[in-house]
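Participant: The structure's right below; bear with me while I get my questions together.
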Amino acid sequence: MATTVRMQLELATSPAWTEAVLADFDRFLIDHAAAEKKASSMAMNMVAHYPDRPALVSAMIDLALEELTHFRAVARLIAARGLQLGGDEKDPYVNQFRRQIRHGRERYLLDQLLVGGIIEARGAERFGLIADALPAGDLKRFYRSITRSERNHQDLFVELACQVCDEAVVESRLGQLLAAEAAIVADLPIRAALH
């Protein structure tokens, strides 16, 4: 059953971020690939930690495969430009945001799902900005497609959260986490990276 809980980011990304990405698109692509790889890994970690939740397991397997497909597509773009994938680096946005996740099995799961959904929402917003800024062509179409996927993922995480907790609890916690995410984004330096 579809949920009535909706996600809306509290802080829009600055136009300066889009300018920074377009000015160093190669670096952005390398970071984008790393983000897709980490997203796939995160989904598989949830499969490993919650084998007793079949709906979650099924959704996370599908998500992991989709994120891995995105990783492969970005890796091909990187290779076509004569570049190499980068090593794994800490993502300051994700690391700071994950500190908001509370302890306790049910609260931890709820927060993990909502943090995941908000990260996907931020990705959808930013990939959309890139798609809008790119000239017509394959790259623009690719980023439009990625934007749609990220929006679907954000909705998936909210729907899964509503299977874990009552919608009123989800909506309340979502509001708290959206406020925390906005504060983190406001304090991060602008760079040619997804976050």
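Chain labels follow the order of the structure tokens: the first chain is A, the next B, and so on; residue numbering restarts at 1 in every chain, and ligands are counted from 1 in their shown order.
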Residues at most 10 Å from segment 133-142 of chain A, counting only C-alpha atoms, excluding those fewer than 5 positions away in the same chain, as a VMD selection string?
Facilitator: chain A and resid 18 to 19 22 70 73 to 74 77 127 to 128 147
Participant: Pull the closest atom pair for each residue of segment 111-144 of chain A that gets at most 10 Å from segment 172-180 of chain A, along with the distance in Å to one decimal, counting only C-alpha atoms, ordering rows by chain and then ascending residue number, as a Markdown table.
Facilitator:
```
| residue | atom | partner | partner_atom | distance |
| --- | --- | --- | --- | --- |
| A:Asp111 | CA | A:Arg173 | CA | 7.8 |
| A:Leu113 | CA | A:Leu174 | CA | 9.9 |
| A:Leu114 | CA | A:Leu174 | CA | 6.4 |
| A:Val115 | CA | A:Leu177 | CA | 7.1 |
| A:Gly117 | CA | A:Leu174 | CA | 9.5 |
| A:Ile118 | CA | A:Leu178 | CA | 7.2 |
| A:Ile119 | CA | A:Leu178 | CA | 10.0 |
```
Participant: Could you please determine the separation between atom CA of Ile146 of chain A and atom CA of Leu85 of chain A in Å, to one decimal place?
Facilitator: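 Calculated distance between atom CA of Ile146 of chain A and atom CA of Leu85 of chain A is 19.0 Å.
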Participant: If you take only C-alpha atoms and a cut-off of 9 Å, which residues of segment 99-161 of chain A touch segment 59-67 of chain A, and what are their nearest atom pairs and distances in Å to one decimal, in chain and number order, as CSV?
Facilitator:
```
residue,atom,partner,partner_atom,distance
A:Ser149,CA,A:Glu66,CA,8.7
A:His153,CA,A:Leu63,CA,7.8
A:Leu156,CA,A:Ala59,CA,8.1
A:Leu160,CA,A:Ala59,CA,8.7
```
Participant: Just write the chosen residues, N, CA and C atoms, as a PDB file, in the first residue's frame.
Facilitator:
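Once written, again-v6.pdb looks like this:
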```pdb
ATOM      1  N   SER A 149      15.560   7.568 -11.425  1.00  0.00           N
ATOM      2  CA  SER A 149      15.873   6.425 -10.564  1.00  0.00           C
ATOM      3  C   SER A 149      16.018   6.854  -9.112  1.00  0.00           C
ATOM      4  N   HIS A 153      13.980   5.720  -5.786  1.00  0.00           N
ATOM      5  CA  HIS A 153      14.646   5.168  -4.615  1.00  0.00           C
ATOM      6  C   HIS A 153      14.228   5.904  -3.348  1.00  0.00           C
ATOM      7  N   LEU A 156      10.956   4.609  -2.392  1.00  0.00           N
ATOM      8  CA  LEU A 156      11.082   3.242  -1.896  1.00  0.00           C
ATOM      9  C   LEU A 156      11.475   3.235  -0.428  1.00  0.00           C
ATOM     10  N   LEU A 160       9.313   1.694   2.661  1.00  0.00           N
ATOM     11  CA  LEU A 160       9.847   0.669   3.549  1.00  0.00           C
ATOM     12  C   LEU A 160       9.817   1.128   4.998  1.00  0.00           C
TER      13      LEU A 160
END
```
Participant: May I have all residues of chain A that DSSP, computed from the backbone, assigns to alpha helix (DSSP H), given as an NGL selection string?
Facilitator: :A and (15-23 or 25-49 or 54-80 or 92-98 or 105-133 or 138-164 or 167-187)
Participant: Return the single residue from A:Arg6, A:Gln163, A:Leu29, A:Asp187 that is closest to Ala80 of chain A, with distances computed using only C-alpha atoms.
Facilitator: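 Closest candidate: A:Leu29.
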Participant: To one decimal in Å, tell me the separation between atom CA of Gly104 of chain A and atom CA of His49 of chain A.
Facilitator: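 These atoms are spaced 13.4 Å apart.
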Participant: What lies within 12 Å of Ala16 of chain A using only C-alpha atoms, ignoring chain neighbours under 5 positions off, as a PyMOL selection string?
Facilitator: chain A and resi 21-23+126+129-130+189-192
Participant: May I have the selected residues written with N, CA and C atoms, as a tab-separated table (two decimals), in the first residue's frame?
Facilitator:
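What follows is the written file selection_28.tsv:
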```tsv
chain	number	residue	atom	x	y	z
A	21	VAL	N	30.61	21.66	-10.54
A	21	VAL	CA	30.58	20.36	-11.21
A	21	VAL	C	30.90	20.51	-12.70
A	22	LEU	N	30.27	21.46	-13.34
A	22	LEU	CA	30.50	21.65	-14.78
A	22	LEU	C	31.93	22.08	-15.07
A	23	ALA	N	32.55	22.78	-14.13
A	23	ALA	CA	33.92	23.24	-14.31
A	23	ALA	C	34.94	22.10	-14.16
A	126	ARG	N	20.30	16.86	-7.23
A	126	ARG	CA	21.56	17.28	-7.85
A	126	ARG	C	21.75	16.69	-9.24
A	129	LEU	N	19.79	18.82	-11.50
A	129	LEU	CA	20.46	20.08	-11.81
A	129	LEU	C	21.50	19.89	-12.91
A	130	ILE	N	22.23	18.79	-12.83
A	130	ILE	CA	23.23	18.50	-13.86
A	130	ILE	C	22.54	18.25	-15.20
A	189	PRO	N	31.60	22.45	2.16
A	189	PRO	CA	32.18	23.23	1.06
A	189	PRO	C	31.61	22.77	-0.29
A	190	ILE	N	31.56	23.68	-1.23
A	190	ILE	CA	31.10	23.34	-2.58
A	190	ILE	C	32.27	22.74	-3.34
A	191	ARG	N	32.03	21.57	-3.94
A	191	ARG	CA	33.10	20.91	-4.69
A	191	ARG	C	32.49	20.10	-5.82
A	192	ALA	N	33.32	19.65	-6.73
A	192	ALA	CA	32.87	18.87	-7.89
A	192	ALA	C	32.66	17.41	-7.47
```
Participant: Find, counting only C-alpha atoms, the residue in A:Ala124, A:Ala43, A:Cys162, A:Val185 that gets nearest to Trp17 of chain A.
Facilitator: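 Answer, going by the shortest atom-to-atom distance: A:Val185.
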Participant: Write out as a ChimeraX atom specification which residues come within 9 Å of Gln112 of chain A when counting only C-alpha atoms, dropping same-chain ones fewer than 5 positions away.
Facilitator: /A:98,101-102,107,117,161
Participant: Write the residues you've just listed into a file as a compact mmCIF listing (two decimals), in the first residue's frame, and include N, CA and C atoms for each of them.
Facilitator:
```
# COMPACT_ATOMS: atom_id res chain seq x y z
N ARG A 98 25.06 10.15 8.74
CA ARG A 98 24.86 8.85 9.38
C ARG A 98 24.99 8.93 10.90
N ILE A 101 21.79 8.60 12.98
CA ILE A 101 21.10 7.32 13.15
C ILE A 101 21.18 6.89 14.62
N ARG A 102 20.01 6.61 15.19
CA ARG A 102 19.90 6.24 16.60
C ARG A 102 20.16 4.75 16.81
N ARG A 107 14.56 1.52 15.94
CA ARG A 107 14.89 2.93 15.65
C ARG A 107 16.06 3.02 14.67
N GLY A 117 16.80 7.36 2.24
CA GLY A 117 15.85 8.06 1.37
C GLY A 117 16.21 9.51 1.14
N ALA A 161 10.11 2.40 5.24
CA ALA A 161 10.05 2.94 6.61
C ALA A 161 8.63 2.84 7.16
```
Participant: Looking at A:Asp132, A:Asp26, A:Asp166, A:Asp31, which one is nearest to Lys90 of chain A, with distances taken over only C-alpha atoms?
Facilitator: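 Nearest to Lys90 of chain A: A:Asp31.
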